[in-house]
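Colleague: Please find data-v2.cif (mmCIF, C-alpha atoms) on the next line:
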```cif
data_query
loop_
_atom_site.label_atom_id
_atom_site.label_comp_id
_atom_site.auth_asym_id
_atom_site.auth_seq_id
_atom_site.Cartn_x
_atom_site.Cartn_y
_atom_site.Cartn_z
CA MET Y 30 25.04 14.25 -118.59
CA PHE Y 31 22.44 11.56 -118.13
CA TYR Y 32 22.88 10.72 -114.46
CA GLY Y 33 23.92 14.10 -113.25
CA GLN Y 34 27.27 15.80 -113.65
CA ILE Y 35 29.89 13.12 -114.21
CA LYS Y 36 32.87 13.35 -111.92
CA PRO Y 37 36.42 13.68 -113.29
CA MET Y 38 38.33 10.52 -114.06
CA GLY Y 39 39.71 8.21 -111.42
CA GLY Y 40 43.35 8.64 -110.54
CA GLY Y 41 42.86 12.36 -109.91
CA GLY Y 42 41.49 11.91 -106.42
CA LYS Y 43 37.85 12.27 -107.53
CA ILE Y 44 35.04 9.81 -106.92
CA PRO Y 45 34.09 7.99 -110.15
CA LEU Y 46 30.54 7.51 -111.35
CA MET Y 47 30.17 3.79 -112.02
CA ALA Y 48 27.71 1.79 -114.11
CA LEU Y 49 27.25 -1.88 -113.27
CA ILE Y 50 26.14 -3.81 -116.37
CA VAL Y 51 24.24 -7.08 -115.91
CA PRO Y 52 23.01 -9.07 -118.94
CA CYS Y 53 20.33 -11.69 -118.34
CA TYR Y 54 18.41 -14.29 -120.33
CA ASN Y 55 15.63 -16.46 -118.85
CA GLU Y 56 16.71 -15.86 -115.26
CA GLU Y 57 13.33 -15.38 -113.55
CA ASN Y 58 14.43 -17.59 -110.65
CA LEU Y 59 17.31 -15.42 -109.54
CA ILE Y 60 17.47 -12.06 -111.34
CA ILE Y 61 15.62 -10.02 -108.68
CA GLU Y 62 17.66 -11.47 -105.82
CA SER Y 63 20.82 -10.78 -107.80
CA LEU Y 64 19.82 -7.16 -108.42
CA LYS Y 65 18.98 -6.66 -104.75
CA THR Y 66 22.40 -8.01 -103.82
CA LEU Y 67 24.07 -5.68 -106.32
CA GLN Y 68 21.99 -2.72 -105.13
CA ASN Y 69 23.12 -3.39 -101.56
CA LYS Y 70 26.72 -3.50 -102.76
CA LEU Y 71 26.25 -0.20 -104.60
CA PHE Y 72 24.74 1.35 -101.47
CA GLU Y 73 27.74 0.15 -99.47
CA LEU Y 74 30.21 1.56 -102.00
CA LYS Y 75 28.38 4.89 -102.12
CA ASN Y 76 28.41 5.17 -98.32
CA SER Y 77 32.14 4.41 -98.37
CA LYS Y 78 32.55 7.18 -100.99
CA LEU Y 79 34.26 4.78 -103.38
CA ILE Y 80 31.76 5.63 -106.13
CA ALA Y 81 29.58 8.65 -106.84
CA PRO Y 82 26.02 8.75 -105.43
CA GLU Y 83 24.64 8.72 -109.00
CA SER Y 84 26.24 5.34 -109.77
CA TYR Y 85 23.68 2.90 -111.12
CA ILE Y 86 22.86 -0.55 -112.53
CA ILE Y 87 22.05 -1.37 -116.15
CA CYS Y 88 20.29 -4.71 -116.59
CA VAL Y 89 19.99 -5.90 -120.20
CA ASP Y 90 17.20 -8.38 -120.87
CA ASP Y 91 18.35 -10.39 -123.88
CA GLY Y 92 14.91 -11.30 -125.19
CA SER Y 93 13.95 -13.58 -122.29
CA ALA Y 94 11.09 -16.00 -122.99
CA ASP Y 95 10.14 -16.35 -119.30
CA LYS Y 96 8.93 -13.73 -116.80
CA SER Y 97 12.33 -12.09 -116.39
CA PHE Y 98 11.38 -8.82 -118.08
CA LEU Y 99 8.09 -8.46 -116.19
CA LEU Y 100 9.95 -8.91 -112.92
CA LEU Y 101 12.62 -6.44 -114.02
CA GLN Y 102 10.01 -3.92 -115.07
CA ASP Y 103 8.34 -3.97 -111.66
CA TYR Y 104 11.70 -3.88 -109.92
CA ALA Y 105 12.92 -0.82 -111.82
CA LYS Y 106 9.76 1.14 -111.06
CA ASN Y 107 10.41 0.82 -107.33
CA THR Y 108 14.20 1.00 -107.26
CA PRO Y 109 16.29 4.15 -107.79
CA TYR Y 110 19.36 4.10 -109.99
CA CYS Y 111 18.37 1.02 -111.92
CA THR Y 112 17.87 0.97 -115.69
CA ILE Y 113 16.37 -1.93 -117.65
CA ILE Y 114 17.15 -2.33 -121.35
CA LYS Y 115 14.89 -4.77 -123.18
CA LEU Y 116 16.16 -6.16 -126.48
CA THR Y 117 13.56 -7.18 -129.05
CA LYS Y 118 14.79 -10.79 -129.16
CA ASN Y 119 17.63 -13.01 -128.01
CA TYR Y 120 20.82 -11.73 -129.67
CA GLY Y 121 23.31 -13.58 -127.50
CA HIS Y 122 25.39 -12.78 -124.43
CA GLN Y 123 28.11 -10.80 -126.24
CA LYS Y 124 25.67 -8.48 -128.00
CA ALA Y 125 23.63 -7.99 -124.84
CA LEU Y 126 26.83 -6.94 -123.10
CA LEU Y 127 27.62 -4.57 -125.95
CA ALA Y 128 24.15 -3.04 -125.69
CA GLY Y 129 24.80 -2.25 -122.04
CA LEU Y 130 28.29 -0.91 -122.77
CA LYS Y 131 27.05 1.38 -125.55
CA TYR Y 132 24.29 2.68 -123.33
CA ALA Y 133 26.77 3.39 -120.53
CA ASN Y 134 29.12 5.28 -122.85
CA LYS Y 135 29.22 8.99 -121.88
CA ARG Y 136 27.00 8.17 -118.89
CA CYS Y 137 29.72 7.02 -116.50
CA ASP Y 138 33.40 7.32 -115.62
CA CYS Y 139 33.81 3.55 -115.52
CA CYS Y 140 31.66 0.47 -115.87
CA ILE Y 141 31.87 -3.10 -114.62
CA THR Y 142 30.25 -6.04 -116.41
CA ILE Y 143 29.17 -9.05 -114.38
CA ASP Y 144 26.99 -12.13 -114.94
CA CYS Y 145 23.57 -12.10 -113.34
CA ASP Y 146 24.09 -15.39 -111.49
CA LEU Y 147 26.70 -13.58 -109.34
CA GLN Y 148 29.06 -16.54 -109.37
CA GLN Y 149 31.77 -13.93 -109.85
CA ASP Y 150 32.83 -12.46 -106.51
CA ILE Y 151 31.16 -9.05 -106.05
CA GLU Y 152 33.38 -8.40 -103.04
CA LYS Y 153 36.14 -7.71 -105.57
CA ILE Y 154 34.34 -4.66 -106.96
CA PRO Y 155 36.15 -2.24 -104.57
CA GLU Y 156 39.46 -3.67 -105.83
CA PHE Y 157 38.40 -3.04 -109.43
CA ILE Y 158 37.66 0.56 -108.54
CA ASP Y 159 40.95 0.90 -106.66
CA LYS Y 160 42.94 -0.27 -109.70
CA TYR Y 161 40.96 2.13 -111.87
CA ASN Y 162 41.79 4.99 -109.50
CA GLN Y 163 45.44 4.01 -109.83
CA GLY Y 164 45.26 4.69 -113.56
CA SER Y 165 44.18 1.40 -115.18
CA GLU Y 166 41.61 1.92 -117.94
CA ILE Y 167 41.00 -1.83 -118.18
CA VAL Y 168 40.85 -4.23 -115.23
CA ILE Y 169 40.32 -7.87 -116.19
CA GLY Y 170 38.84 -10.36 -113.73
CA ILE Y 171 40.39 -13.82 -113.91
CA ARG Y 172 39.04 -16.79 -111.99
CA ASN Y 173 41.53 -18.65 -109.82
CA ASP Y 174 40.37 -22.14 -110.77
CA ARG Y 175 37.45 -24.21 -112.06
CA LYS Y 176 36.67 -26.22 -108.93
CA SER Y 177 33.05 -25.08 -108.98
CA ASP Y 178 32.47 -26.39 -112.53
CA GLY Y 179 31.10 -29.78 -113.42
CA ILE Y 180 33.11 -32.20 -115.53
CA PHE Y 181 31.43 -31.22 -118.80
CA LYS Y 182 31.64 -27.48 -118.12
CA LYS Y 183 35.29 -27.75 -117.13
CA PHE Y 184 36.14 -29.82 -120.22
CA SER Y 185 34.29 -27.49 -122.63
CA ALA Y 186 35.83 -24.36 -121.11
CA LEU Y 187 39.38 -25.73 -121.18
CA SER Y 188 38.83 -26.93 -124.75
CA PHE Y 189 37.58 -23.46 -125.69
CA TYR Y 190 40.73 -21.74 -124.44
CA HIS Y 191 42.91 -24.42 -126.00
CA ILE Y 192 41.26 -23.91 -129.39
CA MET Y 193 41.69 -20.14 -129.09
CA LYS Y 194 45.38 -20.58 -128.37
CA ILE Y 195 45.94 -23.00 -131.26
CA PHE Y 196 44.38 -20.63 -133.77
CA GLY Y 197 46.15 -17.53 -132.49
CA THR Y 198 43.17 -15.66 -131.04
CA PRO Y 199 44.15 -13.15 -128.32
CA ILE Y 200 42.53 -14.29 -125.09
CA ILE Y 201 43.35 -14.62 -121.42
CA PRO Y 202 42.59 -18.09 -119.99
CA ASN Y 203 39.80 -18.18 -117.38
CA HIS Y 204 38.74 -14.61 -118.15
CA ALA Y 205 35.02 -14.49 -118.81
CA ASP Y 206 33.24 -11.13 -118.85
CA TYR Y 207 33.92 -9.80 -115.36
CA ARG Y 208 35.88 -6.64 -116.06
CA LEU Y 209 36.10 -2.90 -115.59
CA LEU Y 210 36.40 -0.41 -118.44
CA GLY Y 211 37.18 3.26 -117.96
CA SER Y 212 35.41 5.85 -120.10
CA LYS Y 213 38.40 6.19 -122.44
CA ALA Y 214 38.52 2.46 -123.13
CA LEU Y 215 34.73 2.30 -123.45
CA LYS Y 216 34.70 5.13 -125.96
CA LYS Y 217 37.26 3.34 -128.14
CA LEU Y 218 35.60 -0.07 -127.79
CA ILE Y 219 32.30 1.03 -129.29
CA LYS Y 220 34.11 2.29 -132.39
CA PHE Y 221 34.65 -1.32 -133.45
CA LYS Y 222 31.93 -2.00 -136.00
CA GLU Y 223 32.24 -5.69 -136.83
CA SER Y 224 29.13 -7.85 -136.68
CA ASN Y 225 30.90 -10.88 -135.18
CA ILE Y 226 31.52 -9.64 -131.66
CA PHE Y 227 34.13 -11.28 -129.45
CA LEU Y 228 34.60 -8.88 -126.55
CA ARG Y 229 37.27 -10.92 -124.78
CA GLY Y 230 39.53 -10.40 -127.77
CA LEU Y 231 38.51 -6.82 -128.59
CA ILE Y 232 39.31 -5.65 -125.07
CA LEU Y 233 42.92 -6.75 -125.53
CA GLU Y 234 43.13 -4.78 -128.79
CA LEU Y 235 42.46 -1.43 -127.13
CA GLY Y 236 46.00 -0.95 -125.84
CA PHE Y 237 45.19 1.03 -122.68
CA LYS Y 238 46.87 0.37 -119.36
CA THR Y 239 45.54 -2.98 -118.19
CA ASP Y 240 45.56 -4.64 -114.78
CA TYR Y 241 44.38 -8.04 -113.59
CA LEU Y 242 42.33 -9.16 -110.62
CA TYR Y 243 41.95 -12.78 -109.51
CA PHE Y 244 38.80 -14.06 -107.82
CA ASP Y 245 37.10 -17.26 -106.72
CA VAL Y 246 33.92 -18.44 -108.42
CA LYS Y 247 30.91 -19.38 -106.33
CA PRO Y 248 28.64 -22.32 -107.19
CA ARG Y 249 25.46 -21.38 -109.05
CA THR Y 250 22.54 -21.51 -106.61
CA LEU Y 251 19.56 -21.34 -108.99
CA GLY Y 252 18.91 -21.98 -112.65
CA ILE Y 253 21.33 -23.40 -115.19
CA SER Y 254 24.17 -21.94 -117.21
CA LYS Y 255 23.03 -20.49 -120.54
CA TYR Y 256 26.40 -21.22 -122.16
CA SER Y 257 25.61 -24.56 -123.77
CA LEU Y 258 28.11 -26.50 -125.86
CA SER Y 259 26.64 -25.08 -129.07
CA LYS Y 260 26.96 -21.51 -127.78
CA MET Y 261 30.51 -22.20 -126.63
CA LEU Y 262 31.37 -23.53 -130.11
CA SER Y 263 29.70 -20.52 -131.73
CA LEU Y 264 31.70 -18.17 -129.51
CA ALA Y 265 34.90 -20.04 -130.38
CA ILE Y 266 34.17 -19.76 -134.11
CA ASP Y 267 33.47 -16.02 -133.78
CA GLY Y 268 36.68 -15.58 -131.82
CA VAL Y 269 38.82 -17.46 -134.32
CA THR Y 270 37.34 -15.96 -137.49
CA SER Y 271 37.34 -12.43 -136.06
CA PHE Y 272 40.99 -12.39 -135.02
CA SER Y 273 42.91 -15.02 -136.95
CA THR Y 274 43.45 -16.30 -140.49
CA ARG Y 275 45.43 -19.24 -139.17
CA PRO Y 276 42.76 -21.81 -140.20
CA LEU Y 277 43.26 -20.71 -143.81
CA HIS Y 278 47.00 -21.15 -143.43
CA LEU Y 279 46.43 -24.60 -141.93
CA ILE Y 280 44.44 -25.58 -145.03
CA SER Y 281 47.45 -24.70 -147.17
CA ILE Y 282 49.74 -26.71 -144.90
CA ILE Y 283 47.38 -29.69 -145.01
CA GLY Y 284 47.34 -29.45 -148.80
CA ILE Y 285 51.14 -29.56 -148.93
CA LEU Y 286 51.25 -32.52 -146.54
CA ILE Y 287 48.66 -34.39 -148.61
CA PHE Y 288 50.73 -33.78 -151.75
CA ILE Y 289 53.83 -35.16 -150.05
CA ILE Y 290 51.97 -38.20 -148.69
CA SER Y 291 50.32 -38.83 -152.06
CA PHE Y 292 53.70 -38.61 -153.82
CA LEU Y 293 55.25 -41.11 -151.41
CA LEU Y 294 52.26 -43.45 -151.73
CA GLY Y 295 52.59 -43.22 -155.51
CA ILE Y 296 56.23 -44.27 -155.35
CA TYR Y 297 55.32 -47.10 -152.96
CA SER Y 298 52.49 -48.30 -155.24
CA LEU Y 299 54.81 -48.22 -158.25
CA TYR Y 300 57.41 -50.26 -156.33
CA ILE Y 301 54.80 -52.88 -155.35
CA ALA Y 302 53.54 -53.14 -158.91
CA LEU Y 303 56.98 -53.49 -160.55
CA PHE Y 304 59.05 -55.45 -158.07
CA THR Y 305 56.66 -57.64 -156.06
CA ASN Y 306 53.72 -59.96 -156.54
CA GLN Y 307 51.76 -58.53 -153.58
CA ILE Y 308 49.58 -56.11 -155.50
CA ILE Y 309 45.86 -56.62 -154.81
CA PRO Y 310 43.56 -55.20 -157.43
CA GLY Y 311 40.72 -53.41 -155.77
CA TRP Y 312 39.60 -50.95 -153.24
CA ALA Y 313 42.73 -50.06 -151.24
CA SER Y 314 44.48 -48.03 -153.93
CA ILE Y 315 41.28 -46.25 -154.95
CA ALA Y 316 38.83 -46.06 -152.05
CA LEU Y 317 41.21 -44.91 -149.30
CA PRO Y 318 42.65 -41.92 -151.21
CA LEU Y 319 39.17 -40.91 -152.33
CA TYR Y 320 37.76 -40.97 -148.80
CA PHE Y 321 40.79 -39.18 -147.44
CA LEU Y 322 40.90 -36.43 -150.05
CA GLY Y 323 37.11 -36.05 -149.96
CA GLY Y 324 37.17 -35.49 -146.20
CA VAL Y 325 39.97 -32.95 -146.45
CA GLN Y 326 38.18 -31.09 -149.23
CA LEU Y 327 34.96 -30.91 -147.22
CA LEU Y 328 36.88 -29.65 -144.19
CA ALA Y 329 38.62 -27.00 -146.30
CA MET Y 330 35.34 -25.91 -147.86
CA GLY Y 331 33.76 -25.68 -144.41
CA VAL Y 332 36.51 -23.45 -143.04
CA ILE Y 333 36.52 -21.21 -146.11
CA GLY Y 334 32.72 -21.11 -145.94
CA GLU Y 335 32.87 -19.83 -142.35
CA TYR Y 336 35.05 -16.91 -143.44
CA ILE Y 337 32.85 -16.18 -146.45
CA GLY Y 338 29.81 -16.25 -144.16
CA LYS Y 339 31.45 -13.73 -141.83
CA ILE Y 340 32.29 -11.47 -144.78
CA TYR Y 341 28.67 -11.73 -145.93
CA SER Y 342 27.30 -10.74 -142.52
CA GLU Y 343 29.73 -7.81 -142.29
CA THR Y 344 28.75 -6.41 -145.70
CA LYS Y 345 25.04 -6.24 -144.81
CA HIS Y 346 25.68 -3.70 -142.03
CA ARG Y 347 22.64 -4.80 -140.08
CA PRO Y 348 22.29 -3.52 -136.50
CA LEU Y 349 23.85 -5.84 -133.95
CA TYR Y 350 20.71 -5.64 -131.79
CA LEU Y 351 17.47 -3.70 -131.49
CA ILE Y 352 16.23 -2.12 -128.28
CA GLU Y 353 12.52 -2.40 -127.59
CA SER Y 354 12.45 -0.15 -124.54
CA VAL Y 355 14.51 1.42 -121.78
CA ILE Y 356 12.83 1.55 -118.38
CA GLN Y 357 13.96 3.73 -115.50
CA ASN Y 358 12.74 4.85 -112.13
CA LYS Y 359 11.94 8.56 -112.32
CA LYS Y 360 14.19 9.10 -109.32
CA ASN Y 361 17.06 8.22 -111.61
CA LEU Y 362 16.31 11.21 -113.80
CA GLU Y 363 16.87 13.95 -111.25
CA ASN Y 364 19.44 16.46 -112.54
CA SER Y 365 19.51 14.66 -115.89
CA ASN Y 366 19.07 16.08 -119.37
CA PRO Y 367 15.48 17.44 -119.67
CA ILE Y 368 14.81 15.32 -122.73
CA HIS Y 369 14.84 12.22 -120.52
CA LYS Y 370 12.34 13.64 -118.02
CA LYS Y 371 9.37 13.28 -120.35
CA SER Y 372 8.86 9.57 -119.78
CA SER Y 373 10.17 6.70 -117.69
CA ILE Y 374 10.16 4.52 -120.82
CA ALA Y 375 12.31 5.47 -123.79
CA THR Y 376 13.32 3.74 -126.98
CA PRO Y 377 16.65 5.28 -127.98
CA LYS Y 378 17.78 5.51 -131.55
CA GLU Y 379 20.33 2.93 -132.56
#
```
Translate the structure of the given file into structure tokens.
Modeller:
Amino acid sequence: MFYGQIKPMGGGGKIPLMALIVPCYNEENLIIESLKTLQNKLFELKNSKLIAPESYIICVDDGSADKSFLLLQDYAKNTPYCTIIKLTKNYGHQKALLAGLKYANKRCDCCITIDCDLQQDIEKIPEFIDKYNQGSEIVIGIRNDRKSDGIFKKFSALSFYHIMKIFGTPIIPNHADYRLLGSKALKKLIKFKESNIFLRGLILELGFKTDYLYFDVKPRTLGISKYSLSKMLSLAIDGVTSFSTRPLHLISIIGILIFIISFLLGIYSLYIALFTNQIIPGWASIALPLYFLGGVQLLAMGVIGEYIGKIYSETKHRPLYLIESVIQNKKNLENSNPIHKKSSIATPKE
């Protein structure tokens, strides 16, 4: 195996080999401090014999435009058990996470994904491992509240979960991407081949024993959140179109309602014309229905277009991401497969 002989699975009394996956994008202000904090936590867990000595960090640079990768490159050269994956461009948070998960597959017993700003409580990592050792293949981190969020962030996040619920997308409220996956769950996850990745929903489709862990979120100390409103909307659209056809059903329901309303308005208009003198020739009977039906038609075309667009992207079978390089400290490669000892920089086949 890549990082030495992998220990047997948790739950059998053996120490698991853990990979800690950290995606980052334009985080030059905090990424090194975050990695140092995580390295210290790994060192603590190794000394406590909660994880195997070969446990390591995978940091995925999602095409950062700042100095993040240069800093990561220097850091990896001087830090054991730290791997840097550089993507060729910015593919988005979900695909960067998937890149780290695919790389960790068959190279660990379990992996934990965490955001690089470390707002998620790293002191909960031992509890993740404990639940894994008790037999849970999936441990989902759920934040207790949103007190640390600003008004806009809180509103957009709550709206996101509300939209997911309305359209029938499987999701756990206040679960971001702080979770543990065992090797069995990880192996099954990477078999999903769709282009429109929504990991929060896919995880719930795996069916393995799942446990939950609640944590408090710390305020962000440096930088700004990379989940803008547009990215949140894009994630919501991917989630809905990947897991639910309910919007298409809603179009049919709207069509039926419009037919009923139009029928009733027709009867009303006929009554006004035949039995009263209140009829006003002009815009009301023509303009309002035209605007209304035109708006509904555009909405319906937009929703159907989203699904057609997803079908189009799926049929092309393009790679979800491209890896430019993988950088490791040579100390990481002790006892590893000889093919990886030739160079500290590798570009794996995708």
Colleague: Mind listing whatever residues come within 12 Å of the point (29.6, 4.0, -103.6)? Use only C-alpha atoms, file coordinates, and give them as a PDB file with C-alpha atoms, in the frame of the given file.
Modeller:
```pdb
ATOM      1  CA  ILE Y  44      35.040   9.810-106.920  1.00  0.00           C
ATOM      2  CA  PRO Y  45      34.090   7.990-110.150  1.00  0.00           C
ATOM      3  CA  LEU Y  46      30.540   7.510-111.350  1.00  0.00           C
ATOM      4  CA  MET Y  47      30.170   3.790-112.020  1.00  0.00           C
ATOM      5  CA  ALA Y  48      27.710   1.790-114.110  1.00  0.00           C
ATOM      6  CA  LEU Y  49      27.250  -1.880-113.270  1.00  0.00           C
ATOM      7  CA  LEU Y  67      24.070  -5.680-106.320  1.00  0.00           C
ATOM      8  CA  GLN Y  68      21.990  -2.720-105.130  1.00  0.00           C
ATOM      9  CA  ASN Y  69      23.120  -3.390-101.560  1.00  0.00           C
ATOM     10  CA  LYS Y  70      26.720  -3.500-102.760  1.00  0.00           C
ATOM     11  CA  LEU Y  71      26.250  -0.200-104.600  1.00  0.00           C
ATOM     12  CA  PHE Y  72      24.740   1.350-101.470  1.00  0.00           C
ATOM     13  CA  GLU Y  73      27.740   0.150 -99.470  1.00  0.00           C
ATOM     14  CA  LEU Y  74      30.210   1.560-102.000  1.00  0.00           C
ATOM     15  CA  LYS Y  75      28.380   4.890-102.120  1.00  0.00           C
ATOM     16  CA  ASN Y  76      28.410   5.170 -98.320  1.00  0.00           C
ATOM     17  CA  SER Y  77      32.140   4.410 -98.370  1.00  0.00           C
ATOM     18  CA  LYS Y  78      32.550   7.180-100.990  1.00  0.00           C
ATOM     19  CA  LEU Y  79      34.260   4.780-103.380  1.00  0.00           C
ATOM     20  CA  ILE Y  80      31.760   5.630-106.130  1.00  0.00           C
ATOM     21  CA  ALA Y  81      29.580   8.650-106.840  1.00  0.00           C
ATOM     22  CA  PRO Y  82      26.020   8.750-105.430  1.00  0.00           C
ATOM     23  CA  GLU Y  83      24.640   8.720-109.000  1.00  0.00           C
ATOM     24  CA  SER Y  84      26.240   5.340-109.770  1.00  0.00           C
ATOM     25  CA  TYR Y  85      23.680   2.900-111.120  1.00  0.00           C
ATOM     26  CA  ILE Y 154      34.340  -4.660-106.960  1.00  0.00           C
ATOM     27  CA  PRO Y 155      36.150  -2.240-104.570  1.00  0.00           C
ATOM     28  CA  ILE Y 158      37.660   0.560-108.540  1.00  0.00           C
TER      29      ILE Y 158
END
```
Colleague: Could you tell me how far atom CA of Val168 of chain Y lies from atom CA of Leu218 of chain Y, in Å and to one decimal?
Modeller: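 Pair atom CA of Val168 of chain Y / atom CA of Leu218 of chain Y returns 14.2 Å.
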Colleague: Determine the nearest neighbour of Leu100 of chain Y from the options Y:Gln148, Y:Asn55, Y:Asn162, Y:Thr239, counting only C-alpha atoms.
Modeller: Y:Asn55
Colleague: Return as number ranges by chain the set of residues that the PyMOL selection byres ((chain Y and resi 59) around 10) yields on the displayed structure.
Modeller: Y: 55-58, 60-64, 97, 145-147, 250-252
Colleague: Please measure the separation of atom CA of Pro52 of chain Y and atom CA of Ile87 of chain Y, giving the value in Å to one decimal.
Modeller: 8.2 Å
Colleague: Could you give me, as a list in words, the residues within 10 Å of Tyr161 of chain Y, counting all atoms listed in the file and dropping anything in the same chain fewer than 4 positions from it?
Modeller: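 Contacts, with the query itself left out: Met38, Gly39, Gly40, Pro45, Asp138, Cys139, Pro155, Glu156, Phe157, Ser165, Glu166, Ile167, Val168, Leu209, Leu210, Gly211, Lys238, Thr239 and Asp240 of chain Y.
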Colleague: Would you compute the distance between atom CA of Asp90 of chain Y and atom CA of Gly129 of chain Y? Give it in Å to one decimal.
Modeller: 9.8 Å
Colleague: Once the PyMOL selection byres ((chain Y and resi 204-207) around 6) is applied to the coordinates I shared, what remains selected? I want it as a PyMOL selection string.
Modeller: chain Y and resi 142-143+170-171+201-203+208
Colleague: Please identify all polymer residues within 10 Å of Gln123 of chain Y, counting all atoms listed in the file, omitting same-chain residues fewer than 3 positions from it, and present them as a list in words.
Modeller: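 Returned residues: Pro52, Tyr120, Leu126, Leu127, Ala128, Asp206, Asn225, Ile226, Phe227, Leu228, Arg229 and Leu264 of chain Y.
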Colleague: Of the candidates Y:Thr112, Y:Ala105, Y:Val325, Y:Lys96, which one gets nearest to Val51 of chain Y if we count all atoms listed in the file?
Modeller: Y:Thr112
Colleague: Which is closer to Glu223 of chain Y than all the others in Y:Ile340, Y:Phe98, Y:Leu242, Y:Ile352, using all atoms listed in the file?
Modeller: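 The closest residue to Glu223 of chain Y is Y:Ile340.
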Colleague: When you count only C-alpha atoms, which of these residues is closest to Tyr110 of chain Y: Y:Gly230, Y:Lys160, Y:Leu328, Y:Lys65?
Modeller: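 Result for the nearest residue to Tyr110 of chain Y: Y:Lys65.
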